[in-house]
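Report on the following structure.
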Amino acid sequence: MTDHHDSQQNSSGKEVFIRDGGPLEAPTEKIEKGHLYKMLSELDGEPDDFPQDDEIDAQGPTLEVDRRDFMRLFSTTALVGTAACVRRPEEKVIAYVEQPADQMVGIPALYATTCGECPSACGVIVKVREGRPRKIEGHEQHPMNSGATCALGQAAIQTVYHPDRRKAPLLKRGNRVDSAQWDEVFEILGAEVKETAKIGIFTNGSTGHRHGFFEEFLTRMGSSPAKLYTYEANTLYAAIAEAHNMTMGRSIIPRLDLNGVRNVVGIGTDFLNTGTHPVYSSKLFAASHGFDAEKPFAQSLFTQFESNYTATGGKADHRHVIAPGSEVVIALALLKELVGSPRSLGGGSATSAARNILVAHDALLNDLDKMLPGGSEKIRTLATSLMTEPSVVICGSGDSFDQNATNLQLLAVHINIMIGAYDRFLHVSKGAMRSPVRSDSLQKFKAEAPDLDILFIIDSNPAFTLPASYGFADSIKNIKTIVSMQASPNETDELATYKLPNTHYLESWGDEQPADGFWSLRQPAVRNTTDSRQAEDVLLWIAATVEKPMPFKSYHDYIQKQWGALHKSSKEAALSFKLFFQSIQRQGFYGNLMAKSTGLRTDVSSRVKILAPTSGLRLLSPLDTRLLDGRGANTPLLQEVGDAMTTIAWDSWLAIHPDTAKSLGLRIYDEVTVEADGGKPFNVGVYPVPGLHRDTVVVPRGNGHKLKLNRVSDNVGVDPLVAYSGGVDSVIGYPVTSNIGVTLSKTGRRIRIAHMQKPTAELGNRTDIVKKATRGEASESITKKVDLDTAPDLYPKLPNGDYRWGMSIDLTKCSGCSACMVACAVENNIPQVGRKMITQGREMHWIRLDRYFEGPVDNPQVTLQPMMCQHCNHAPCEAVCPVYATTHDDEGINTQTYNRCVGTRYCANACPYKVRRFNWFTQRWNVPLNPRALNPDVTVRTRGIMEKCTFCVQRIRDAKHNLIGTGQKIADAKPGSIGELQTACQQVCPSDAIDFGNLLDEKSIVGKKRKDSLSYLALGGDPEIGHYGIKTLPNVSYVKQIVAQKFEHKTHSKDGEHSDPHAPKSHG
Amino acid sequence: MPSSSFVRRFILVTCSSLYLVGGLSSIAQAQLERNWPNTNWWFWSPGDSVDQTWLVPYQPKQPIPFSHELHAGKMKMPCEYCHASARHGPAAGIPPTNTCMGCHKVAATDREPIKFLTEKFNKKEPIEWIKVHDLPDYARFSHKPHVRAGVTCQECHGPVEKMEEVYQHAPLQMGWCLRCHTAKDAPKKCFTCHY
């Protein structure tokens, strides 16, 4: 690096400094970035320029007033203001006529229910204020999620109030679409149902009594229970269930239990984000893979083989990049090594079946070294450790939903039998998870749909989530009547004759049975917010209209009858049913996960017919980690948080290896046309991502909705499924949604992609922001203690009252699910600002996920770092505020007083962490940001106000107020302890990466971690060698990321070049 | 360069207007001091309740002439009998109509206001009371810590048990809050109320 400050003598003989980029350009080159990079542009030196377009200019309303107008306006306002002082407006207080027993003004009523966003059945507690749900939190005792939820689960608070939800039933009469009364619907639809018995129901996955109820309805109508078709776009449910059905004779999903595991191997898996039970798995994985100073050698090792770079892959200690579609080959190779091993644990028939599989597919293994360089050696080593240590292999995700999706699961079954993982880490004989779908449903539906007269489509969007080439629309073309019952309008609605508004899960009765013997109840937390009826109740009405009534008054009645049977066989049978059901309503669930034994054999055999993977440029379309199959796309909260690995929000992107992009002549933001044989082409912007296989291009699903009714998701991004042309899974017949050959061609246009990671988003040395330690260093460090608060300085002393609030964030555990960002936005009334504002860097997240890469672009390490206000004890922002709007609390909190803030933004400039957010506009809290979902305990900010993380001060206040007069202190910020104080981000975290509490309490978790030598302060230097960084002394500390190996770099030599061969290579 | 006469006129106008404003505000301050002694400049911090209450206490006309003097004073009903959530949450709460009807199904049913109340109750219509104590939206006040810390209702709301019709007793200004917070050594940082 050359010295950018050349001193010259000017004409007057004075010395002036001239900088390369001109006097106004920020001297970014002088900032030592370390070896961590955020954008690839930092490596190859190419400018990361946004394409300039018109929309960048003229943002938002402009006010043009000249001086005279200003004076006129000013004096008028002053007069009016004086006049207005005379009489203040009357405000009314409207009390209840009869106050409901569980509602008190200002105090949340809590309802236990079951999340309905996906079939994994997490228990949630809904906080209801004055009759309105306003925050969803995980149920701490619920075994499926132990208090956490995913981003989608948090965002449900916005879907229930969504203005796009239908207000009344719609009825297609000829070419007209009319809104209708429910009575009318029952009458007309009843007449149609009466005439035929060819009725079918197409619905989403569920493990509870719901499918049973639909079957009962179909039977009652003279149709057959077999005409119930269940489908989830996440193929994993069906593939895993079918693999176990074929081998063990029952459609189940093995229950993961990582307690005591040493090796976790993932083959193309994203089980932490888009798996079958993501929150459940994340909790277990974080516990087993996180570093615990008390059990330093119990940390499990995670090895991942993948062609995409998933956030789950980012957690891997050893990550191997494989060719797209070669997951089956890796699994085969692993199986071969295991079968050959004398220590293999498989029984007789399992081993011989595995041998048969290997003989039939031996030819596939010839290409192994091509798909994974050095593959045979790597897999041999891995197989040895799998044999000797307790291990489990987890396979498959949206990246591998190709023709071999089920075959991959079959191979996984055999591998896990060989290494003895079944009934140790994958429970099938005790407490296996139930499959939410029937694996054969799609195949059957395609064959049987043309024979149906009436089809009910309930809470499912096959018109969008199945590729168009699969022909869903064609197969229902001849069905006379299609009744679509959706909580929110979607593409499937458009195909229907009747569009009936269904209730949101927060307004519904229901239940889920994730595992045999474990029941989770769903109960309404709010009365229907629109004129919607629950689909099950509508079916009951129809049954009554056609004079084939079912013996239930309502679905609530049905649920109670079913639970009545459960009650009779339970231990509480002596109790009256009413009391029993009341206790269930309070608790939310019944039974435990390990209750029932299924007694499945694990010594099994099966036949597998694997199709050979094809080489060349392959398109993968995994489920988006936030929007899944597209169900979250109409929720601004989810669009705004952005994808963890790319930080792209409100857009679709094509991820590609930077070298492949270069060889195709593509730069970042170039628009390309993606074309596949037989499919429709689509255009999307290029976004190179390191760590992908060179043959991989990734366009995630979820966006690309074209439905005017949905104001948020309409025309956002692209739907890659249009490119897919009809391949199906060779076993279960699900359409292929990944791994097809594509060609890319440049259109010549460039498009902006709204991503939040900017190369200059923070100041200082990045190696001082993200710190890593190897396992060896970590286990050595447990005896060492440091004190992060010893920085010598002249500032006032640290708070020494009762409390000093602090947070500790474990970088090893954070898996990038973004749930914290959503929870924070819901808790703190943070607006969603949309795509344009994000391209201008005006996002409002109080907590953001920073992503850093380190190492070669072919396979870099990734660090996901939640970054929020660090609550510095010596805060640079406080010193610069001219109006004392940001000050320091005597409890260590850096406070922002909104009513004092005049919006100079000096503080945001001074902040080295770039966590302060400025309100450029007053947000409209009507649509789609609904005022009913606002937190009444937090001020809604207006234009010109700076804001940032407050450590959820409203929760701290509430917890402290509860203890007034008791003489107790908040002990530790965790459930069950005195005070029970948790911040929103800490509460929601599925990986338990965030701890919060009192730093002055030495017994608290944060108090202990503050003294741990693995902890460090961002930009806090290294106190051990007497270097204290920029001495802001934050109250937030991070725990170093534990990695298998660190990239060794020489420190910057004088010429500034990296002389180390392992350092990221420059390309171009 | 502005002419010297302009400068002179400018200085004159500025000084006299400053004198005028200063004089007016000192009169206002004196009026203020008479009503609430020891109030300092915080009184002028903006807020909903800053206007006219310092001349005449705010006392709006309620839809029902409910007498606290009768209920809380003569009959000695405890405050929290009706304002039940004061101890548990941010708002003290206006009682639901069925709390009134607990007695007034039988008590004083011949009076006009009670007839009005009964009619409203039978129609399931709520009573629209007029808010007397109103704080600015950027100040987060909660009754819970105050009640639990033993602050009596009268310290802020005045002798309600002697009020025939409720009026605003205290200015509810930040300075007024801080006087008590200072005297009782309660938290005084910005984040105590503004977040």
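Residue names in the structure tokens use chain letters A, B, ... in the order shown, residue numbers from 1 in each chain, and ligand numbers from 1 in the order shown.
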
Next item on the list: Could you find all residues in segment 240-365 of chain A that DSSP calls helix (DSSP H, G or I) from the backbone, and write them as a PyMOL selection string?
Entry: chain A and resi 240-248+278-289+313-315+327-340+348-360+362-365

Checklist line | Residue contacts of Glu128 of chain B (10 Å, only C-alpha atoms) excluding same-chain residues fewer than 6 positions away, as a ChimeraX atom specification | finding: /A:91-95 /B:62-64

Next item on the list: May I have the residues of chain A within 7 Å of chain B, counting only C-alpha atoms, written as a ChimeraX atom specification?
Entry: /A:85-88,90-99,104-107,889,895,897,899,938-939,961,964-965

Let's have the selection written as a compact mmCIF listing (two decimals), in the first residue's frame, with N, CA, C and O atoms.
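Dumped everything to out.txt:
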```
# COMPACT_ATOMS: atom_id res chain seq x y z
N CYS A 85 -53.26 27.19 22.13
CA CYS A 85 -52.96 26.98 23.53
C CYS A 85 -54.18 27.23 24.42
O CYS A 85 -54.24 26.77 25.53
N VAL A 86 -55.08 28.03 23.92
CA VAL A 86 -56.17 28.50 24.75
C VAL A 86 -57.02 27.34 25.28
O VAL A 86 -57.39 27.30 26.43
N ARG A 87 -57.30 26.41 24.40
CA ARG A 87 -58.18 25.33 24.83
C ARG A 87 -57.59 24.02 24.33
O ARG A 87 -57.30 23.89 23.15
N ARG A 88 -57.39 23.10 25.19
CA ARG A 88 -56.85 21.86 24.67
C ARG A 88 -57.98 20.95 24.21
O ARG A 88 -59.11 21.04 24.74
N GLU A 90 -60.51 17.97 23.77
CA GLU A 90 -61.01 16.97 24.72
C GLU A 90 -60.62 15.58 24.25
O GLU A 90 -60.76 15.25 23.09
N GLU A 91 -60.13 14.79 25.17
CA GLU A 91 -59.84 13.39 24.82
C GLU A 91 -60.79 12.52 25.61
O GLU A 91 -61.05 12.78 26.79
N LYS A 92 -61.31 11.47 24.95
CA LYS A 92 -62.28 10.63 25.64
C LYS A 92 -61.60 9.38 26.21
O LYS A 92 -60.63 8.89 25.65
N VAL A 93 -62.11 8.93 27.31
CA VAL A 93 -61.67 7.65 27.86
C VAL A 93 -62.86 6.72 27.80
O VAL A 93 -63.90 7.02 28.38
N ILE A 94 -62.74 5.66 27.07
CA ILE A 94 -63.88 4.77 26.91
C ILE A 94 -63.59 3.46 27.63
O ILE A 94 -62.63 2.76 27.30
N ALA A 95 -64.36 3.20 28.64
CA ALA A 95 -64.11 2.00 29.44
C ALA A 95 -64.97 0.86 28.91
O ALA A 95 -65.88 1.06 28.12
N TYR A 96 -64.64 -0.34 29.34
CA TYR A 96 -65.46 -1.49 28.99
C TYR A 96 -66.86 -1.35 29.60
O TYR A 96 -67.01 -0.70 30.64
N VAL A 97 -67.85 -1.97 28.99
CA VAL A 97 -69.14 -2.11 29.67
C VAL A 97 -69.03 -3.26 30.65
O VAL A 97 -69.32 -3.14 31.84
N GLU A 98 -68.58 -4.39 30.11
CA GLU A 98 -68.27 -5.52 30.99
C GLU A 98 -66.86 -5.96 30.70
O GLU A 98 -66.55 -6.36 29.57
N GLN A 99 -66.01 -5.85 31.66
CA GLN A 99 -64.61 -6.16 31.43
C GLN A 99 -64.39 -7.66 31.38
O GLN A 99 -64.78 -8.37 32.31
N MET A 104 -57.00 -6.62 31.34
CA MET A 104 -56.87 -5.42 32.15
C MET A 104 -56.17 -4.40 31.29
O MET A 104 -55.23 -4.73 30.57
N VAL A 105 -56.62 -3.16 31.37
CA VAL A 105 -56.04 -2.13 30.50
C VAL A 105 -54.55 -1.99 30.78
O VAL A 105 -54.14 -1.82 31.92
N GLY A 106 -53.76 -2.10 29.72
CA GLY A 106 -52.33 -1.89 29.87
C GLY A 106 -51.53 -3.10 30.28
O GLY A 106 -50.32 -3.05 30.36
N ILE A 107 -52.21 -4.20 30.55
CA ILE A 107 -51.50 -5.39 30.99
C ILE A 107 -51.75 -6.49 29.96
O ILE A 107 -52.90 -6.78 29.63
N ASP A 889 -27.02 6.44 30.96
CA ASP A 889 -27.88 6.07 32.06
C ASP A 889 -27.00 5.61 33.22
O ASP A 889 -25.87 5.18 33.02
N THR A 895 -28.59 6.11 26.26
CA THR A 895 -30.00 6.43 26.06
C THR A 895 -30.19 7.43 24.95
O THR A 895 -29.33 8.26 24.69
N THR A 897 -33.02 10.18 23.89
CA THR A 897 -34.27 10.84 24.29
C THR A 897 -34.88 11.47 23.05
O THR A 897 -34.39 12.48 22.56
N ASN A 899 -37.59 13.13 22.37
CA ASN A 899 -38.18 14.46 22.38
C ASN A 899 -37.15 15.55 22.51
O ASN A 899 -37.45 16.71 22.37
N VAL A 938 -43.79 1.67 23.62
CA VAL A 938 -42.63 2.29 23.00
C VAL A 938 -43.10 3.45 22.11
O VAL A 938 -44.07 3.31 21.38
N THR A 939 -42.41 4.57 22.20
CA THR A 939 -42.77 5.74 21.41
C THR A 939 -42.64 5.44 19.92
O THR A 939 -41.69 4.79 19.50
N HIS A 961 -40.23 -2.59 37.88
CA HIS A 961 -41.47 -2.16 38.55
C HIS A 961 -42.11 -3.33 39.28
O HIS A 961 -42.68 -3.15 40.35
N ILE A 964 -40.59 -3.69 42.76
CA ILE A 964 -40.63 -2.59 43.73
C ILE A 964 -41.39 -3.03 44.98
O ILE A 964 -42.45 -3.63 44.88
N GLY A 965 -40.80 -2.77 46.09
CA GLY A 965 -41.48 -3.11 47.35
C GLY A 965 -41.16 -4.52 47.82
O GLY A 965 -41.43 -4.86 48.97
```

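Distances to Ala186 of chain B were evaluated for B:Met75, B:Lys162, B:Pro65, B:Val151 using only C-alpha atoms, and the minimum falls at B:Val151.
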
Margin query: Please report the interatomic distance between atom CA of Ala573 of chain A and atom CA of Ser206 of chain A in Å with one decimal.
Written below: 26.9 Å

Notebook entry, point to check: Rounded to one decimal in Å, what is the spacing between atom CA of Gly741 of chain A and atom CA of Ala333 of chain A?
Noted result: 23.9 Å

Check: So which bits of segment 178-241 of chain A end up strand (DSSP E) when you DSSP the backbone, as a PyMOL selection string?
Finding: chain A and resi 178-179+199-203+228-230

For those residues, write C-alpha atoms to a file as a PDB file, in the first residue's frame.
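Result file follows (out_28.pdb):
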```pdb
ATOM      1  CA  ASP A 178     -68.986 -10.582  -6.596  1.00  0.00           C
ATOM      2  CA  SER A 179     -68.587 -10.323  -2.912  1.00  0.00           C
ATOM      3  CA  ILE A 199     -65.236 -34.203  -3.763  1.00  0.00           C
ATOM      4  CA  GLY A 200     -61.589 -33.718  -2.936  1.00  0.00           C
ATOM      5  CA  ILE A 201     -59.582 -31.602  -0.519  1.00  0.00           C
ATOM      6  CA  PHE A 202     -56.094 -30.279  -1.201  1.00  0.00           C
ATOM      7  CA  THR A 203     -54.419 -28.876   1.874  1.00  0.00           C
ATOM      8  CA  LEU A 228     -57.486 -35.836   0.806  1.00  0.00           C
ATOM      9  CA  TYR A 229     -54.280 -34.548  -0.758  1.00  0.00           C
ATOM     10  CA  THR A 230     -51.621 -32.995   1.417  1.00  0.00           C
TER      11      THR A 230
END
```

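Look at segment 921-935 of chain A: the protein and nucleic acid residues within 8 Å of it, using only C-alpha atoms and passing over chain neighbours fewer than 3 places away, are Gly60, Arg132, Pro133, Arg134, Lys135, Ile157, Gln158, Tyr161, His162, Pro163, Pro636, Val712, Val826, Glu827, Asn828, Asn829, Pro831, Gln832, Val833, Val938, Arg941, Thr942, Arg943 and Gly944 of chain A.
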
Using N, CA, C and O atoms, can you write the selected residues to a file as an mmCIF file, in the first residue's frame?
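result.cif was written with the following content:
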```cif
data_model
loop_
_atom_site.group_PDB
_atom_site.id
_atom_site.type_symbol
_atom_site.label_atom_id
_atom_site.label_comp_id
_atom_site.auth_asym_id
_atom_site.auth_seq_id
_atom_site.Cartn_x
_atom_site.Cartn_y
_atom_site.Cartn_z
ATOM 1 N N GLY A 60 -38.472 10.739 -2.008
ATOM 2 C CA GLY A 60 -39.294 11.290 -0.944
ATOM 3 C C GLY A 60 -39.766 12.702 -1.251
ATOM 4 O O GLY A 60 -39.399 13.303 -2.256
ATOM 5 N N ARG A 132 -55.869 -7.085 21.321
ATOM 6 C CA ARG A 132 -55.133 -7.192 20.063
ATOM 7 C C ARG A 132 -53.818 -7.926 20.277
ATOM 8 O O ARG A 132 -53.008 -7.500 21.112
ATOM 9 N N PRO A 133 -53.571 -9.002 19.536
ATOM 10 C CA PRO A 133 -52.261 -9.651 19.632
ATOM 11 C C PRO A 133 -51.196 -8.649 19.200
ATOM 12 O O PRO A 133 -51.379 -7.954 18.202
ATOM 13 N N ARG A 134 -50.129 -8.560 19.961
ATOM 14 C CA ARG A 134 -49.112 -7.600 19.530
ATOM 15 C C ARG A 134 -47.683 -8.145 19.601
ATOM 16 O O ARG A 134 -46.764 -7.539 19.107
ATOM 17 N N LYS A 135 -47.493 -9.309 20.158
ATOM 18 C CA LYS A 135 -46.158 -9.903 20.096
ATOM 19 C C LYS A 135 -46.321 -11.401 20.278
ATOM 20 O O LYS A 135 -47.127 -11.845 21.094
ATOM 21 N N ILE A 157 -47.435 -11.639 13.429
ATOM 22 C CA ILE A 157 -48.168 -10.515 14.001
ATOM 23 C C ILE A 157 -48.542 -9.530 12.902
ATOM 24 O O ILE A 157 -49.516 -8.795 13.003
ATOM 25 N N GLN A 158 -47.767 -9.529 11.839
ATOM 26 C CA GLN A 158 -48.082 -8.624 10.737
ATOM 27 C C GLN A 158 -49.056 -9.272 9.744
ATOM 28 O O GLN A 158 -49.809 -8.558 9.078
ATOM 29 N N TYR A 161 -52.942 -8.916 10.800
ATOM 30 C CA TYR A 161 -53.571 -7.612 10.548
ATOM 31 C C TYR A 161 -53.397 -7.168 9.107
ATOM 32 O O TYR A 161 -53.612 -5.996 8.794
ATOM 33 N N HIS A 162 -52.940 -8.054 8.250
ATOM 34 C CA HIS A 162 -52.549 -7.615 6.910
ATOM 35 C C HIS A 162 -53.743 -7.030 6.148
ATOM 36 O O HIS A 162 -54.795 -7.648 6.070
ATOM 37 N N PRO A 163 -53.587 -5.850 5.598
ATOM 38 C CA PRO A 163 -54.737 -5.226 4.916
ATOM 39 C C PRO A 163 -55.145 -5.962 3.643
ATOM 40 O O PRO A 163 -56.230 -5.700 3.127
ATOM 41 N N PRO A 636 -43.938 -7.400 5.010
ATOM 42 C CA PRO A 636 -42.820 -6.472 4.901
ATOM 43 C C PRO A 636 -41.686 -6.776 5.873
ATOM 44 O O PRO A 636 -40.528 -6.642 5.538
ATOM 45 N N VAL A 712 -47.564 -6.010 -1.085
ATOM 46 C CA VAL A 712 -46.150 -6.046 -0.719
ATOM 47 C C VAL A 712 -45.353 -6.932 -1.669
ATOM 48 O O VAL A 712 -44.311 -6.547 -2.181
ATOM 49 N N VAL A 826 -40.655 -5.893 15.787
ATOM 50 C CA VAL A 826 -42.006 -5.998 16.328
ATOM 51 C C VAL A 826 -42.065 -5.376 17.719
ATOM 52 O O VAL A 826 -42.992 -4.657 18.055
ATOM 53 N N GLU A 827 -41.048 -5.622 18.515
ATOM 54 C CA GLU A 827 -41.058 -5.141 19.890
ATOM 55 C C GLU A 827 -40.917 -3.624 19.958
ATOM 56 O O GLU A 827 -41.516 -2.972 20.797
ATOM 57 N N ASN A 828 -40.105 -3.061 19.057
ATOM 58 C CA ASN A 828 -39.731 -1.655 19.205
ATOM 59 C C ASN A 828 -40.342 -0.733 18.161
ATOM 60 O O ASN A 828 -39.829 0.364 17.944
ATOM 61 N N ASN A 829 -41.400 -1.163 17.507
ATOM 62 C CA ASN A 829 -42.093 -0.313 16.526
ATOM 63 C C ASN A 829 -41.150 0.202 15.450
ATOM 64 O O ASN A 829 -41.173 1.383 15.097
ATOM 65 N N PRO A 831 -40.044 0.715 11.799
ATOM 66 C CA PRO A 831 -40.746 0.646 10.516
ATOM 67 C C PRO A 831 -39.953 -0.134 9.475
ATOM 68 O O PRO A 831 -38.737 -0.295 9.583
ATOM 69 N N GLN A 832 -40.668 -0.634 8.473
ATOM 70 C CA GLN A 832 -40.009 -1.213 7.317
ATOM 71 C C GLN A 832 -40.019 -0.138 6.230
ATOM 72 O O GLN A 832 -41.058 0.447 5.946
ATOM 73 N N VAL A 833 -38.850 0.124 5.664
ATOM 74 C CA VAL A 833 -38.729 1.295 4.811
ATOM 75 C C VAL A 833 -38.760 0.966 3.332
ATOM 76 O O VAL A 833 -38.932 1.855 2.509
ATOM 77 N N VAL A 938 -43.792 1.669 23.621
ATOM 78 C CA VAL A 938 -42.630 2.294 22.996
ATOM 79 C C VAL A 938 -43.104 3.449 22.113
ATOM 80 O O VAL A 938 -44.075 3.315 21.380
ATOM 81 N N ARG A 941 -41.622 6.897 16.569
ATOM 82 C CA ARG A 941 -40.764 8.032 16.214
ATOM 83 C C ARG A 941 -41.228 8.700 14.929
ATOM 84 O O ARG A 941 -41.779 8.053 14.048
ATOM 85 N N THR A 942 -40.968 9.981 14.847
ATOM 86 C CA THR A 942 -41.345 10.720 13.645
ATOM 87 C C THR A 942 -40.105 11.197 12.908
ATOM 88 O O THR A 942 -38.992 10.900 13.301
ATOM 89 N N ARG A 943 -40.321 11.963 11.856
ATOM 90 C CA ARG A 943 -39.227 12.414 11.019
ATOM 91 C C ARG A 943 -38.242 13.266 11.816
ATOM 92 O O ARG A 943 -38.623 14.035 12.690
ATOM 93 N N GLY A 944 -36.974 13.097 11.470
ATOM 94 C CA GLY A 944 -35.958 13.937 12.077
ATOM 95 C C GLY A 944 -35.440 13.447 13.404
ATOM 96 O O GLY A 944 -34.785 14.180 14.121
#
```
